[in-house]
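A short worksheet on the structure shown next.
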Amino acid sequence: MVDVVGSASSLHYAITGRPNCSLSAAGTCCVFLSIATITLIVAFGFFLAGAWVVLPFAGAELGALFWSLRYVCLHAGDYERLTIDHDKVLVEHHTTKQDVRFELNGYWARVILDCQPNGYCRRLALRSHGKEIEFGRFLSSEERLNVGRLLKSRLGGYLS
Amino acid sequence: MATTIPIQDVHNEHHADNHPDHHPTGWMRWVMSTNHKDIGTLYLWFSFGMFLFAGALAMLIRAELFQPGLQFFQPNVFNQLTTMHGLIMIFGAIMPAFVGFANWQIPLMIGAPDMAFPRLNNWSFWLLPMAGLLLIGAFFVPGGAMAGGWTMYPPLFIQGGPSYDMTIFAIHIMGISSIMGSINIITTILNMRAPGMTLMKMPMFVWTWLITAFLLISAMPVLASAVTMLLMDRHFGTSFFNAAGGGDPVMYQHIFWFFGHPEVYIMILPAFGILSTIIPTFSRKPLFGYRSMVYATVVLASLAFIVWAHHMFTVGMPIASQLFFMYATMLIAVPTGVKVFNWTATMWKGSISFETPMLFAIAVVCLFTIGGFSGLVLAIVPVDIQLQDTYYVVAHFHYVLFSGAAMSIMGGIYYWLPKWTGHMYDERLGKIHFWLTAIAFNVTFFPMHFLGLAGMPRRIPDYALQFANFNMIVSLGAFVLGASQLLFLYTVIKCIRSGAVAGNRPWEGAETLEWTLPSPPPYHSFETAPVIK
């Protein structure tokens, strides 16, 4: 999923990529609650019949399910954002654990666009001072190509 | 709090070989793989190995039963063969095969790049060979393998040797694997669908697996606790199921079958998903009544939790309970009938062609329906009390599980093999395999109905002379059925190694997303989610 702010020629341009998440937070809660309800009803039923061992197993399983769904929920908010503001380029990588920003000088940064002969663009990165910052993990091949072309027109150079 | 790092301080974390087509090679590719296609392949080969092993046990069983009297095995060894045949077929062959299909197909069918938790996926698979080794290794410990039947009923189970503990451990391992796999499948299906793919646009195979994963999660703690209580009764002085200590052996049966009946649906719902994929493709029509198929699957899964006691009518229960479980069991015929009707209606006036996958699918619809009808017969309490533990029951569950599950798996493999390998399989060999399997299956299992109706009990190495002729026919059919699976193995290997090049969409009626990819699909597919209109 991609959000774009500003046009290619404007002084302020930002593009944000997010992972594709088809399950909302409310949906996640519903999924967990529905599974937990069924599992716990069954477990309590057996508990009342004397088979209490079902309860800890059900609890452990629901714990694993909860952890998994929570992990998914937390990472649903991850994003990558590239902002061009006059001569400054800012690349932000946001995850649950950290929020990292790389600042580049627009005159020095060069664009690396790694495309296959069949047109599939595998990788988009910015290079400056011998280091590379990748961008576009959440972009499609076509979007990487378009962003790469835009960056080429806006930044210092272009490598392919 | 955001941290801004000047570019000079950034380490180059992105390696040049981090691109979509890069993948590890050699045997470590398979050990370390987190790729859904590799793991799917591992599951399928593991299940095929287990299928051949458990099938070999079945051949030994049928060799012993070829004629009356003890031929090759003592009764205890015979019981080991029947027990391990059942356990390995269920937990080692059929379930992992469907998980293999899920791994290969679910991400491809919903436009996801991989499973939601790839490392968990790797671990889910690699637990299975450990469990398989424990089950097979049980034959080599003092006292031999478990011989108390795959249902592990106490008090017999509590009295067994070390192989019984190995079986408990194996079941725990396989349960953990199943739970992790189910969590992965639920998360993948619900959270990684391509934009535009609403729940009601998902292929039926994906729907059936979503519901199967719910069933697995609900049923697995019950099985895990049942075998744990058996372990505690065996070694830690508890008396959950020991009547002498105040326990109740019948409670074990309730607990086991509360897991056991949903387990049947865990093994059959993905098969329904495969059928619902194959039949529209070769009928060149959309699936008839898609919504009703989804609802029927949900209803089937719900009914799975309220019919368990039909497996244990003979333990004695109040008449009201007998009636409840009898009628609840009969209700299963309604959603199943919806499915059979819809498959038939899909074929009706379709432009049908009879490639091997379609032959398997049609055979499954017919043969599974026979298994369903014999299930209805067994649901009737007075009839069930007569037929309990006879060969009629053996015939019934083989019509459900071999023709329903195993033949669906075979059809599914022929259907997707061109996609997976990039080669067309040998159609002539596929059809020979189909006809051998279908005919030998019926020769093997149909006479078992007659044996059961005549009163031949199951799980015995010897029998009365009156059953001799049918048993000889059954054994001959079984040997042909077993041998024909070697032809299946040959056909699959031949397809992997050579064969005509399969295009992106070798089946013109195939409409699901995986057919938009090349055959075989790239190692990393759908890195960018396709948009579904």
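Ordered as shown in the structure tokens, chains take letters A, B, and onward, while each chain numbers its residues from 1 and ligands are numbered from 1 in the order shown.
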
- Test item: residues at most 6 Å from stretch 461-473 of chain B, only C-alpha atoms, excluding those fewer than 2 positions along its chain, as a VMD selection string: chain B and resid 66 to 69 75 475 to 476

- Task: With a distance cut-off of 12 Å and only C-alpha atoms, select the neighbouring residues of A:Thr37, excluding the residue or stretch itself and same-chain residues fewer than 3 positions from it, and output the selection as a list in words.
- Result: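 Counting only C-alpha atoms, the residues come to Cys29, Cys30, Val31, Phe32, Leu33, Ser34, Leu40, Ile41, Val42, Ala43, Phe44, Ala58, Gly59 and Leu62 of chain A; Phe214, Ile217 and Ser218 of chain B.
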
Any chance you could tabulate, as JSON lines, the residues of chain A at most 6 Å from chain B with each one's nearest atom pair and distance in Å to one decimal, using only C-alpha atoms, in chain and rising number order?
{"residue": "A:Cys21", "atom": "CA", "partner": "B:Asn191", "partner_atom": "CA", "distance": 5.1}
{"residue": "A:Ser22", "atom": "CA", "partner": "B:Asn191", "partner_atom": "CA", "distance": 4.5}
{"residue": "A:Leu23", "atom": "CA", "partner": "B:Asn191", "partner_atom": "CA", "distance": 4.6}
{"residue": "A:Thr39", "atom": "CA", "partner": "B:Ser218", "partner_atom": "CA", "distance": 5.2}
{"residue": "A:Val53", "atom": "CA", "partner": "B:Ser225", "partner_atom": "CA", "distance": 5.4}
{"residue": "A:Val54", "atom": "CA", "partner": "B:Ser225", "partner_atom": "CA", "distance": 5.0}
{"residue": "A:Phe57", "atom": "CA", "partner": "B:Pro221", "partner_atom": "CA", "distance": 5.2}
{"residue": "A:Ala58", "atom": "CA", "partner": "B:Pro221", "partner_atom": "CA", "distance": 5.3}
{"residue": "A:Asp99", "atom": "CA", "partner": "B:Ala2", "partner_atom": "CA", "distance": 4.9}
{"residue": "A:Val100", "atom": "CA", "partner": "B:Thr3", "partner_atom": "CA", "distance": 5.1}
{"residue": "A:Arg101", "atom": "CA", "partner": "B:Thr4", "partner_atom": "CA", "distance": 4.5}
{"residue": "A:Phe102", "atom": "CA", "partner": "B:Ile5", "partner_atom": "CA", "distance": 5.0}
{"residue": "A:Glu103", "atom": "CA", "partner": "B:Pro6", "partner_atom": "CA", "distance": 5.7}
{"residue": "A:His129", "atom": "CA", "partner": "B:Gln8", "partner_atom": "CA", "distance": 6.0}
{"residue": "A:Lys131", "atom": "CA", "partner": "B:Asn12", "partner_atom": "CA", "distance": 5.7}
{"residue": "A:Glu132", "atom": "CA", "partner": "B:Asn12", "partner_atom": "CA", "distance": 5.8}
{"residue": "A:Ser140", "atom": "CA", "partner": "B:Thr528", "partner_atom": "CA", "distance": 4.9}

Any chance you can output those residues with all heavy atoms as a compact mmCIF listing (two decimals), in the first residue's frame?
# COMPACT_ATOMS: atom_id res chain seq x y z
N CYS A 21 -2.07 -5.51 4.93
CA CYS A 21 -2.71 -6.23 6.04
C CYS A 21 -4.20 -6.26 5.77
O CYS A 21 -4.86 -5.23 5.77
CB CYS A 21 -2.45 -5.52 7.37
SG CYS A 21 -0.74 -5.56 7.84
N SER A 22 -4.71 -7.46 5.56
CA SER A 22 -6.14 -7.54 5.24
C SER A 22 -7.01 -7.72 6.48
O SER A 22 -8.22 -7.76 6.38
CB SER A 22 -6.39 -8.69 4.26
OG SER A 22 -5.72 -9.85 4.67
N LEU A 23 -6.36 -7.82 7.65
CA LEU A 23 -7.13 -8.02 8.89
C LEU A 23 -7.00 -6.78 9.77
O LEU A 23 -5.89 -6.37 10.11
CB LEU A 23 -6.59 -9.25 9.63
CG LEU A 23 -7.35 -9.70 10.87
CD1 LEU A 23 -8.76 -10.15 10.51
CD2 LEU A 23 -6.62 -10.83 11.57
N THR A 39 -12.65 -22.74 22.59
CA THR A 39 -11.63 -23.57 23.26
C THR A 39 -11.86 -23.60 24.77
O THR A 39 -11.75 -24.66 25.40
CB THR A 39 -10.22 -23.02 22.94
OG1 THR A 39 -10.10 -22.90 21.53
CG2 THR A 39 -9.13 -23.93 23.46
N VAL A 53 -6.75 -31.51 33.04
CA VAL A 53 -5.52 -31.32 32.25
C VAL A 53 -5.79 -30.59 30.93
O VAL A 53 -4.89 -29.99 30.35
CB VAL A 53 -4.87 -32.71 31.99
CG1 VAL A 53 -3.54 -32.57 31.29
CG2 VAL A 53 -4.69 -33.46 33.31
N VAL A 54 -7.04 -30.61 30.49
CA VAL A 54 -7.35 -29.90 29.23
C VAL A 54 -7.10 -28.40 29.39
O VAL A 54 -6.64 -27.73 28.45
CB VAL A 54 -8.82 -30.15 28.80
CG1 VAL A 54 -9.12 -29.48 27.47
CG2 VAL A 54 -9.12 -31.64 28.71
N PHE A 57 -3.48 -27.03 28.74
CA PHE A 57 -3.14 -27.15 27.32
C PHE A 57 -3.89 -26.09 26.50
O PHE A 57 -3.31 -25.47 25.61
CB PHE A 57 -3.48 -28.55 26.80
CG PHE A 57 -2.42 -29.56 27.09
CD1 PHE A 57 -2.58 -30.49 28.10
CD2 PHE A 57 -1.22 -29.56 26.38
CE1 PHE A 57 -1.60 -31.42 28.39
CE2 PHE A 57 -0.23 -30.48 26.67
CZ PHE A 57 -0.42 -31.41 27.67
N ALA A 58 -5.17 -25.90 26.85
CA ALA A 58 -5.94 -24.87 26.12
C ALA A 58 -5.34 -23.49 26.37
O ALA A 58 -5.22 -22.67 25.46
CB ALA A 58 -7.39 -24.91 26.57
N ASP A 99 12.28 3.47 15.48
CA ASP A 99 11.87 4.44 14.49
C ASP A 99 13.16 5.09 14.03
O ASP A 99 13.75 5.89 14.76
CB ASP A 99 10.94 5.46 15.17
CG ASP A 99 9.98 6.08 14.20
OD1 ASP A 99 10.06 5.74 13.02
OD2 ASP A 99 9.15 6.88 14.64
N VAL A 100 13.64 4.71 12.85
CA VAL A 100 14.96 5.17 12.42
C VAL A 100 14.82 6.07 11.21
O VAL A 100 14.04 5.77 10.30
CB VAL A 100 15.86 3.95 12.06
CG1 VAL A 100 17.27 4.42 11.72
CG2 VAL A 100 15.90 2.97 13.21
N ARG A 101 15.59 7.19 11.22
CA ARG A 101 15.52 8.12 10.09
C ARG A 101 16.92 8.31 9.53
O ARG A 101 17.89 8.46 10.28
CB ARG A 101 14.96 9.47 10.54
CG ARG A 101 13.62 9.32 11.22
CD ARG A 101 12.83 10.59 11.25
NE ARG A 101 13.55 11.72 11.83
CZ ARG A 101 13.05 12.95 11.89
NH1 ARG A 101 11.84 13.17 11.39
NH2 ARG A 101 13.71 13.93 12.43
N PHE A 102 17.01 8.27 8.24
CA PHE A 102 18.29 8.52 7.56
C PHE A 102 18.14 9.82 6.77
O PHE A 102 17.20 9.95 5.98
CB PHE A 102 18.63 7.39 6.59
CG PHE A 102 18.59 6.02 7.22
CD1 PHE A 102 17.51 5.18 7.01
CD2 PHE A 102 19.62 5.58 8.02
CE1 PHE A 102 17.46 3.92 7.58
CE2 PHE A 102 19.57 4.32 8.60
CZ PHE A 102 18.50 3.49 8.38
N GLU A 103 19.08 10.72 7.00
CA GLU A 103 18.99 12.00 6.29
C GLU A 103 20.12 12.09 5.26
O GLU A 103 21.28 11.83 5.58
CB GLU A 103 19.11 13.13 7.31
CG GLU A 103 18.60 14.44 6.78
CD GLU A 103 18.60 15.50 7.87
OE1 GLU A 103 18.03 15.25 8.96
OE2 GLU A 103 19.20 16.56 7.65
N HIS A 129 27.99 8.69 0.29
CA HIS A 129 29.16 8.43 1.13
C HIS A 129 29.51 6.96 1.18
O HIS A 129 29.94 6.43 2.20
CB HIS A 129 28.93 8.95 2.56
CG HIS A 129 28.84 10.44 2.66
ND1 HIS A 129 27.70 11.14 2.28
CD2 HIS A 129 29.72 11.37 3.07
CE1 HIS A 129 27.89 12.43 2.48
NE2 HIS A 129 29.13 12.60 2.94
N LYS A 131 27.62 4.40 1.27
CA LYS A 131 26.64 3.56 1.97
C LYS A 131 25.32 3.58 1.20
O LYS A 131 25.05 4.51 0.45
CB LYS A 131 26.39 4.09 3.39
CG LYS A 131 27.65 4.33 4.20
CD LYS A 131 28.28 3.03 4.64
CE LYS A 131 29.39 3.33 5.63
NZ LYS A 131 30.50 2.41 5.56
N GLU A 132 24.55 2.52 1.45
CA GLU A 132 23.25 2.44 0.77
C GLU A 132 22.10 2.33 1.76
O GLU A 132 22.20 1.62 2.75
CB GLU A 132 23.23 1.22 -0.15
CG GLU A 132 24.07 1.38 -1.39
CD GLU A 132 24.03 0.15 -2.27
OE1 GLU A 132 23.19 -0.74 -2.03
OE2 GLU A 132 24.86 0.10 -3.20
N SER A 140 5.50 -2.08 -5.11
CA SER A 140 5.53 -3.04 -6.20
C SER A 140 6.68 -2.69 -7.13
O SER A 140 7.27 -1.62 -7.03
CB SER A 140 4.21 -3.00 -6.96
OG SER A 140 4.12 -1.78 -7.65

- Message: I need the residue nearest B:Arg234 from this list: B:Ala500, B:Ile136, B:Val206, B:Leu156. Use only C-alpha atoms for the distance.
- Response: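 For B:Arg234, the nearest of the given residues is B:Leu156.
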
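Interatomic distance, atom CA of A:Pro19 against atom CA of B:Pro518: 24.3 Å.
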
- Task: Enumerate, as a ChimeraX atom specification, the complete set of residues in stretch 24-150 of chain A that a backbone-based DSSP assignment places in helix (DSSP H, G or I).
- Result: /A:25-48,54-75,141-150

- Message: Excluding A:Arg154 and its own-chain neighbours fewer than 5 positions away, which residues fall within 12 Å of it when counting only C-alpha atoms? Please give them as a ChimeraX atom specification.
- Response: /A:7-13,83-89,105-111,147-149
